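Colleague: Got work_20.pdb for you, PDB, C-alpha atoms:
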ATOM      1  CA  MET A 363       0.000   0.000   0.000  1.00  0.00           C
ATOM      2  CA  THR A 364       1.307   3.459  -0.832  1.00  0.00           C
ATOM      3  CA  ASN A 365       0.479   6.903   0.399  1.00  0.00           C
ATOM      4  CA  ALA A 366       1.658  10.441  -0.256  1.00  0.00           C
ATOM      5  CA  PHE A 367       4.664   9.889   2.003  1.00  0.00           C
ATOM      6  CA  HIS A 368       5.697   6.475   0.709  1.00  0.00           C
ATOM      7  CA  VAL A 369       9.469   6.082   0.417  1.00  0.00           C
ATOM      8  CA  LYS A 370      10.574   3.899  -2.472  1.00  0.00           C
ATOM      9  CA  LEU A 371      13.940   2.445  -3.247  1.00  0.00           C
ATOM     10  CA  SER A 372      14.004   4.684  -6.326  1.00  0.00           C
ATOM     11  CA  ASN A 373      13.945   7.879  -4.211  1.00  0.00           C
ATOM     12  CA  ILE A 374      15.944   6.703  -1.193  1.00  0.00           C
ATOM     13  CA  SER A 375      19.303   8.111  -2.302  1.00  0.00           C
ATOM     14  CA  GLU A 376      18.012  11.691  -2.093  1.00  0.00           C
ATOM     15  CA  LYS A 377      16.435  11.016   1.315  1.00  0.00           C
ATOM     16  CA  MET A 378      19.686   9.465   2.541  1.00  0.00           C
ATOM     17  CA  ARG A 379      21.637  12.515   1.371  1.00  0.00           C
ATOM     18  CA  LEU A 380      19.250  14.774   3.277  1.00  0.00           C
ATOM     19  CA  ILE A 381      18.949  12.714   6.440  1.00  0.00           C
ATOM     20  CA  LYS A 382      22.660  12.160   7.063  1.00  0.00           C
ATOM     21  CA  PRO A 383      23.346  15.697   8.410  1.00  0.00           C
ATOM     22  CA  VAL A 384      20.224  15.458  10.593  1.00  0.00           C
ATOM     23  CA  LEU A 385      21.455  12.177  12.054  1.00  0.00           C
ATOM     24  CA  MET A 386      24.897  13.710  12.620  1.00  0.00           C
ATOM     25  CA  MET A 387      23.254  16.582  14.515  1.00  0.00           C
ATOM     26  CA  ALA A 388      21.136  14.149  16.521  1.00  0.00           C
ATOM     27  CA  GLU A 389      24.187  12.071  17.421  1.00  0.00           C
ATOM     28  CA  GLU A 390      25.967  15.161  18.752  1.00  0.00           C
ATOM     29  CA  LEU A 391      22.864  16.154  20.697  1.00  0.00           C
ATOM     30  CA  PHE A 392      22.448  12.790  22.365  1.00  0.00           C
ATOM     31  CA  GLN A 393      26.141  12.493  23.203  1.00  0.00           C
ATOM     32  CA  ALA A 394      26.391  16.006  24.625  1.00  0.00           C
ATOM     33  CA  LYS A 395      22.996  16.576  26.215  1.00  0.00           C
ATOM     34  CA  ASP A 396      21.487  13.218  27.091  1.00  0.00           C
ATOM     35  CA  ARG A 397      24.024  11.663  29.425  1.00  0.00           C
ATOM     36  CA  ASP A 398      21.240  10.949  31.918  1.00  0.00           C
ATOM     37  CA  MET A 399      19.089   9.363  29.173  1.00  0.00           C
ATOM     38  CA  CYS A 400      16.109  11.663  29.777  1.00  0.00           C
ATOM     39  CA  LEU A 401      15.441  12.057  26.052  1.00  0.00           C
ATOM     40  CA  GLN A 402      15.412   8.294  25.664  1.00  0.00           C
ATOM     41  CA  LYS A 403      13.100   7.991  28.649  1.00  0.00           C
ATOM     42  CA  SER A 404      10.870  10.683  27.109  1.00  0.00           C
ATOM     43  CA  PHE A 405      10.618   8.832  23.800  1.00  0.00           C
ATOM     44  CA  CYS A 406       9.802   5.625  25.663  1.00  0.00           C
ATOM     45  CA  LEU A 407       7.131   7.383  27.735  1.00  0.00           C
ATOM     46  CA  LEU A 408       5.562   9.040  24.705  1.00  0.00           C
ATOM     47  CA  GLU A 409       5.242   5.709  22.949  1.00  0.00           C
ATOM     48  CA  SER A 410       4.055   3.720  25.964  1.00  0.00           C
ATOM     49  CA  SER A 411       1.593   6.108  27.559  1.00  0.00           C
ATOM     50  CA  MET A 412       0.116   8.391  24.915  1.00  0.00           C
ATOM     51  CA  ASP A 413      -2.522   7.943  22.296  1.00  0.00           C
ATOM     52  CA  THR A 414      -0.686   8.072  18.963  1.00  0.00           C
ATOM     53  CA  ASP A 415      -2.598  11.167  17.845  1.00  0.00           C
ATOM     54  CA  MET A 416      -1.445  13.052  20.947  1.00  0.00           C
ATOM     55  CA  ASN A 417       2.240  12.109  20.558  1.00  0.00           C
ATOM     56  CA  PRO A 418       4.047  15.182  19.192  1.00  0.00           C
ATOM     57  CA  PHE A 419       6.809  12.971  17.779  1.00  0.00           C
ATOM     58  CA  LYS A 420       4.489  10.525  16.037  1.00  0.00           C
ATOM     59  CA  HIS A 421       5.830  11.284  12.555  1.00  0.00           C
ATOM     60  CA  VAL A 422       9.449  10.916  13.611  1.00  0.00           C
ATOM     61  CA  SER A 423       8.881   7.582  15.327  1.00  0.00           C
ATOM     62  CA  ARG A 424       6.744   6.430  12.406  1.00  0.00           C
ATOM     63  CA  TYR A 425       9.486   6.976   9.839  1.00  0.00           C
ATOM     64  CA  LEU A 426      12.479   5.935  11.922  1.00  0.00           C
ATOM     65  CA  THR A 427      10.851   2.626  12.871  1.00  0.00           C
ATOM     66  CA  ASN A 428       8.823   2.121   9.671  1.00  0.00           C
ATOM     67  CA  SER A 429       5.865   1.230  11.871  1.00  0.00           C
ATOM     68  CA  HIS A 430       3.327   2.090   9.149  1.00  0.00           C
ATOM     69  CA  HIS A 431       5.363   0.447   6.395  1.00  0.00           C
ATOM     70  CA  ASP A 432       5.655   3.753   4.534  1.00  0.00           C
ATOM     71  CA  THR A 433       9.117   2.763   3.360  1.00  0.00           C
ATOM     72  CA  GLU A 434       9.762  -0.173   1.081  1.00  0.00           C
ATOM     73  CA  PRO A 435      11.771  -2.868   2.917  1.00  0.00           C
ATOM     74  CA  GLU A 436      14.891  -2.470   0.733  1.00  0.00           C
ATOM     75  CA  ALA A 437      14.837   1.306   1.183  1.00  0.00           C
ATOM     76  CA  PHE A 438      14.306   0.979   4.939  1.00  0.00           C
ATOM     77  CA  GLN A 439      17.327  -1.333   5.173  1.00  0.00           C
ATOM     78  CA  GLU A 440      19.429   1.497   3.745  1.00  0.00           C
ATOM     79  CA  ILE A 441      18.137   3.795   6.481  1.00  0.00           C
ATOM     80  CA  VAL A 442      18.862   1.133   9.128  1.00  0.00           C
ATOM     81  CA  SER A 443      22.406   0.756   7.758  1.00  0.00           C
ATOM     82  CA  LEU A 444      22.961   4.503   7.953  1.00  0.00           C
ATOM     83  CA  VAL A 445      21.619   4.697  11.513  1.00  0.00           C
ATOM     84  CA  GLN A 446      24.125   1.999  12.570  1.00  0.00           C
ATOM     85  CA  GLN A 447      26.832   4.662  12.164  1.00  0.00           C
ATOM     86  CA  TYR A 448      25.201   6.714  14.935  1.00  0.00           C
ATOM     87  CA  PRO A 449      24.979   4.617  18.126  1.00  0.00           C
ATOM     88  CA  SER A 450      23.236   7.296  20.214  1.00  0.00           C
ATOM     89  CA  VAL A 451      20.570   7.764  17.531  1.00  0.00           C
ATOM     90  CA  LYS A 452      20.161   4.001  17.358  1.00  0.00           C
ATOM     91  CA  ASN A 453      19.641   3.919  21.136  1.00  0.00           C
ATOM     92  CA  ALA A 454      17.015   6.665  20.855  1.00  0.00           C
ATOM     93  CA  ILE A 455      15.181   4.700  18.159  1.00  0.00           C
ATOM     94  CA  ASN A 456      15.390   1.612  20.333  1.00  0.00           C
ATOM     95  CA  SER A 457      13.763   3.590  23.164  1.00  0.00           C
ATOM     96  CA  VAL A 458      10.842   4.343  20.830  1.00  0.00           C
ATOM     97  CA  ILE A 459      10.531   0.664  19.915  1.00  0.00           C
ATOM     98  CA  TYR A 460      10.866  -0.379  23.567  1.00  0.00           C
ATOM     99  CA  GLY A 461       8.181   2.092  24.658  1.00  0.00           C
ATOM    100  CA  ARG A 462       5.837   0.989  21.909  1.00  0.00           C
ATOM    101  CA  GLY A 463       6.081  -2.572  23.192  1.00  0.00           C
ATOM    102  CA  MET A 464       5.304  -1.611  26.793  1.00  0.00           C
ATOM    103  CA  ASN A 465       1.896  -1.127  28.316  1.00  0.00           C
ATOM    104  CA  GLY A 466       2.551   1.704  30.740  1.00  0.00           C
ATOM    105  CA  THR A 467       5.387   3.794  32.078  1.00  0.00           C
ATOM    106  CA  ASP A 468       6.902   1.559  34.774  1.00  0.00           C
ATOM    107  CA  SER A 469       9.119  -0.265  32.299  1.00  0.00           C
ATOM    108  CA  CYS A 470      10.414   3.019  30.872  1.00  0.00           C
ATOM    109  CA  ARG A 471      11.186   4.285  34.353  1.00  0.00           C
ATOM    110  CA  LYS A 472      13.175   1.127  35.130  1.00  0.00           C
ATOM    111  CA  GLN A 473      14.927   0.966  31.764  1.00  0.00           C
ATOM    112  CA  TYR A 474      16.073   4.609  31.948  1.00  0.00           C
ATOM    113  CA  GLY A 475      16.625   4.854  35.701  1.00  0.00           C
ATOM    114  CA  SER A 476      19.525   7.291  35.350  1.00  0.00           C
ATOM    115  CA  CYS A 477      16.981   9.964  34.394  1.00  0.00           C
ATOM    116  CA  THR A 478      15.548  11.329  37.619  1.00  0.00           C
ATOM    117  CA  VAL A 479      13.166  13.841  36.019  1.00  0.00           C
ATOM    118  CA  ASP A 480       9.514  13.002  36.779  1.00  0.00           C
ATOM    119  CA  ASP A 481       7.579  11.294  33.999  1.00  0.00           C
ATOM    120  CA  GLU A 482       4.918  13.999  34.044  1.00  0.00           C
ATOM    121  CA  LYS A 483       7.492  16.750  33.555  1.00  0.00           C
ATOM    122  CA  LEU A 484       9.088  14.954  30.613  1.00  0.00           C
ATOM    123  CA  ILE A 485       5.748  14.306  28.922  1.00  0.00           C
ATOM    124  CA  ALA A 486       4.576  17.874  29.538  1.00  0.00           C
ATOM    125  CA  ALA A 487       7.758  19.260  27.993  1.00  0.00           C
ATOM    126  CA  PHE A 488       7.218  17.276  24.805  1.00  0.00           C
ATOM    127  CA  GLN A 489       3.485  17.948  24.753  1.00  0.00           C
ATOM    128  CA  SER A 490       4.255  21.660  24.498  1.00  0.00           C
ATOM    129  CA  PHE A 491       5.363  20.858  20.939  1.00  0.00           C
ATOM    130  CA  GLY A 492       2.076  19.198  19.979  1.00  0.00           C
ATOM    131  CA  ASP A 493       0.049  20.773  17.167  1.00  0.00           C
ATOM    132  CA  LYS A 494      -3.054  21.408  19.293  1.00  0.00           C
ATOM    133  CA  LYS A 495      -1.079  23.095  22.069  1.00  0.00           C
ATOM    134  CA  LEU A 496       0.847  25.299  19.647  1.00  0.00           C
ATOM    135  CA  LEU A 497      -2.260  26.176  17.646  1.00  0.00           C
ATOM    136  CA  ASN A 498      -4.084  27.180  20.832  1.00  0.00           C
ATOM    137  CA  SER A 499      -1.096  29.307  21.824  1.00  0.00           C
ATOM    138  CA  LEU A 500      -1.072  31.025  18.440  1.00  0.00           C
ATOM    139  CA  ILE A 501      -4.785  31.787  18.621  1.00  0.00           C
ATOM    140  CA  HIS A 502      -4.294  33.390  22.029  1.00  0.00           C
ATOM    141  CA  GLY A 503      -1.101  35.205  21.024  1.00  0.00           C
ATOM    142  CA  LYS A 504       1.206  33.221  23.301  1.00  0.00           C
ATOM    143  CA  SER A 505       4.092  30.919  22.571  1.00  0.00           C
ATOM    144  CA  SER A 506       4.171  27.871  24.797  1.00  0.00           C
ATOM    145  CA  ARG A 507       7.169  26.298  23.119  1.00  0.00           C
ATOM    146  CA  ASN A 508       9.610  28.066  25.426  1.00  0.00           C
ATOM    147  CA  ALA A 509       8.060  26.307  28.407  1.00  0.00           C
ATOM    148  CA  GLY A 510       8.909  22.974  26.827  1.00  0.00           C
ATOM    149  CA  CYS A 511      12.363  24.175  25.845  1.00  0.00           C
ATOM    150  CA  ASN A 512      13.193  25.236  29.371  1.00  0.00           C
ATOM    151  CA  ALA A 513      11.626  22.276  31.185  1.00  0.00           C
ATOM    152  CA  VAL A 514      14.065  19.628  29.981  1.00  0.00           C
ATOM    153  CA  GLY A 515      17.459  20.739  28.757  1.00  0.00           C
ATOM    154  CA  ALA A 516      17.557  19.207  25.293  1.00  0.00           C
ATOM    155  CA  THR A 517      13.867  19.182  24.379  1.00  0.00           C
ATOM    156  CA  CYS A 518      14.099  21.982  21.809  1.00  0.00           C
ATOM    157  CA  ARG A 519      17.121  20.426  20.185  1.00  0.00           C
ATOM    158  CA  ALA A 520      15.282  17.116  19.979  1.00  0.00           C
ATOM    159  CA  ALA A 521      12.346  18.919  18.373  1.00  0.00           C
ATOM    160  CA  GLY A 522      14.751  20.399  15.830  1.00  0.00           C
ATOM    161  CA  VAL A 523      16.035  16.936  14.957  1.00  0.00           C
ATOM    162  CA  GLY A 524      12.449  15.701  14.699  1.00  0.00           C
ATOM    163  CA  CYS A 525      11.536  18.571  12.393  1.00  0.00           C
ATOM    164  CA  GLY A 526      14.500  17.795  10.167  1.00  0.00           C
ATOM    165  CA  ILE A 527      13.538  14.133   9.871  1.00  0.00           C
ATOM    166  CA  CYS A 528       9.885  14.977   9.381  1.00  0.00           C
ATOM    167  CA  ALA A 529      10.659  17.505   6.637  1.00  0.00           C
ATOM    168  CA  ILE A 530      12.724  14.959   4.728  1.00  0.00           C
ATOM    169  CA  PHE A 531      10.037  12.289   4.798  1.00  0.00           C
ATOM    170  CA  THR A 532       6.809  14.279   4.671  1.00  0.00           C
ATOM    171  CA  PHE A 533       7.701  17.365   2.645  1.00  0.00           C
ATOM    172  CA  GLY A 534       6.340  19.939   5.056  1.00  0.00           C
ATOM    173  CA  ALA A 535       3.485  18.079   6.746  1.00  0.00           C
ATOM    174  CA  CYS A 536       5.318  18.234  10.060  1.00  0.00           C
ATOM    175  CA  GLY A 537       2.943  20.328  12.063  1.00  0.00           C
ATOM    176  CA  LEU A 538       3.160  23.681  13.726  1.00  0.00           C
ATOM    177  CA  ALA A 539       6.117  22.939  15.993  1.00  0.00           C
ATOM    178  CA  CYS A 540       8.450  23.032  13.004  1.00  0.00           C
ATOM    179  CA  ALA A 541       7.064  26.268  11.639  1.00  0.00           C
ATOM    180  CA  LEU A 542       7.373  28.394  14.771  1.00  0.00           C
ATOM    181  CA  LYS A 543      10.538  30.177  15.803  1.00  0.00           C
TER     182      LYS A 543
END
Translate this file's structure into structure tokens.
Modeller:
Amino acid sequence: MTNAFHVKLSNISEKMRLIKPVLMMAEELFQAKDRDMCLQKSFCLLESSMDTDMNPFKHVSRYLTNSHHDTEPEAFQEIVSLVQQYPSVKNAINSVIYGRGMNGTDSCRKQYGSCTVDDEKLIAAFQSFGDKKLLNSLIHGKSSRNAGCNAVGATCRAAGVGCGICAIFTFGACGLACALK
């Protein structure tokens, strides 16, 4: 089955060229800013405890795990091979997959025990990037993204990585979080 965002083997080389700098940026981010694994814990929590429609990183996790089979298997194997070069990014993707397989947050809390930030604070920080929250803020003339940026040290940088990945795979259908400064 194909959709507007289907990635084929015939167009993977351009996507690979575009995604490599984003993965390099993500690798630097995770190595420098996620020593306590709070971003990984956040990704796990988002996948294990939120309705998919409410998850502000749903597009990123969708394309990096191929959960909706938007990418042909041969093309996805090229992405997997590229990600192998970035161990911190691979660990982040694994936290998404781990969270998706869990039924609640206890497993995430145990798996990423070095992160001492409360689950609610992590989820709230990422929720500030959700389309509904940002749209509501725009309507009322406020920007709530700074709250999310300040709540957890690397949240904004993670959103930037997510926007880069989303833009490559969905050609601008990434939501409001990527459009706001």
Colleague: For the atom pair atom CA of Thr433 of chain A and atom CA of Tyr460 of chain A, what is the interatomic distance in Å to one decimal place?
Modeller: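 Atom CA of Tyr460 of chain A lies 20.5 Å from atom CA of Thr433 of chain A.
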Colleague: For this file, the PyMOL selection byres ((chain A and resi 437) around 9) selects which residues, as a count of residues only?
Modeller: 16
Colleague: Taking the file as shown, find all residues satisfying the PyMOL selection byres ((chain A and resi 450) around 10) and write them as a list of chain:residue names.
Modeller: A:Leu385, A:Ala388, A:Glu389, A:Glu390, A:Leu391, A:Phe392, A:Gln393, A:Asp396, A:Gln402, A:Val445, A:Gln446, A:Gln447, A:Tyr448, A:Pro449, A:Val451, A:Lys452, A:Asn453, A:Ala454, A:Ile455, A:Asn456
Colleague: Would you kindly return, as a PyMOL selection string, each protein, DNA or RNA residue with an atom no farther than 10 Å from any atom of Ser411 of chain A, considering only C-alpha atoms and excluding same-chain residues fewer than 5 positions away?
Modeller: chain A and resi 406+417+461-462+464-467+470+485
Colleague: Please dump the current selection as a short mmCIF file (atom, residue, chain, number, x, y, z; two decimals), in the coordinates of the input; keep C-alpha atoms.
Modeller:
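Below is the file result-v1.cif, written as the result:
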data_model
loop_
_atom_site.label_atom_id
_atom_site.label_comp_id
_atom_site.auth_asym_id
_atom_site.auth_seq_id
_atom_site.Cartn_x
_atom_site.Cartn_y
_atom_site.Cartn_z
CA CYS A 406 9.80 5.62 25.66
CA ASN A 417 2.24 12.11 20.56
CA GLY A 461 8.18 2.09 24.66
CA ARG A 462 5.84 0.99 21.91
CA MET A 464 5.30 -1.61 26.79
CA ASN A 465 1.90 -1.13 28.32
CA GLY A 466 2.55 1.70 30.74
CA THR A 467 5.39 3.79 32.08
CA CYS A 470 10.41 3.02 30.87
CA ILE A 485 5.75 14.31 28.92
#
Colleague: Which of these residues is nearest to Lys377 of chain A, using all atoms listed in the file: A:Lys483, A:Cys477, A:Asp468, A:Tyr425?
Modeller: A:Tyr425
Colleague: With distances taken over all atoms listed in the file, which of A:Leu484, A:Ala394, A:Leu426, A:Leu408 is nearest to Gly463 of chain A?
Modeller: A:Leu408
Colleague: Please compute the atom CA of Ser457 of chain A-atom CA of Phe405 of chain A distance, one decimal, in Å.
Modeller: 6.1 Å
Colleague: Atom CA of Met399 of chain A and atom CA of Ser476 of chain A are how many Å apart?
Modeller: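 Atom CA of Ser476 of chain A lies 6.5 Å from atom CA of Met399 of chain A.
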Colleague: In terms of the shortest atom-to-atom distance over all atoms listed in the file, which of A:Glu376, A:Arg397, A:Ile459, A:Asp481 is closest to Asn428 of chain A?
Modeller: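 Among the listed residues, the smallest separation from Asn428 of chain A belongs to A:Ile459.
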Colleague: From the options A:Leu444, A:Val458, A:Ser404, A:Glu409, which residue's atoms come nearest to Thr427 of chain A, counting only C-alpha atoms?
Modeller: A:Val458
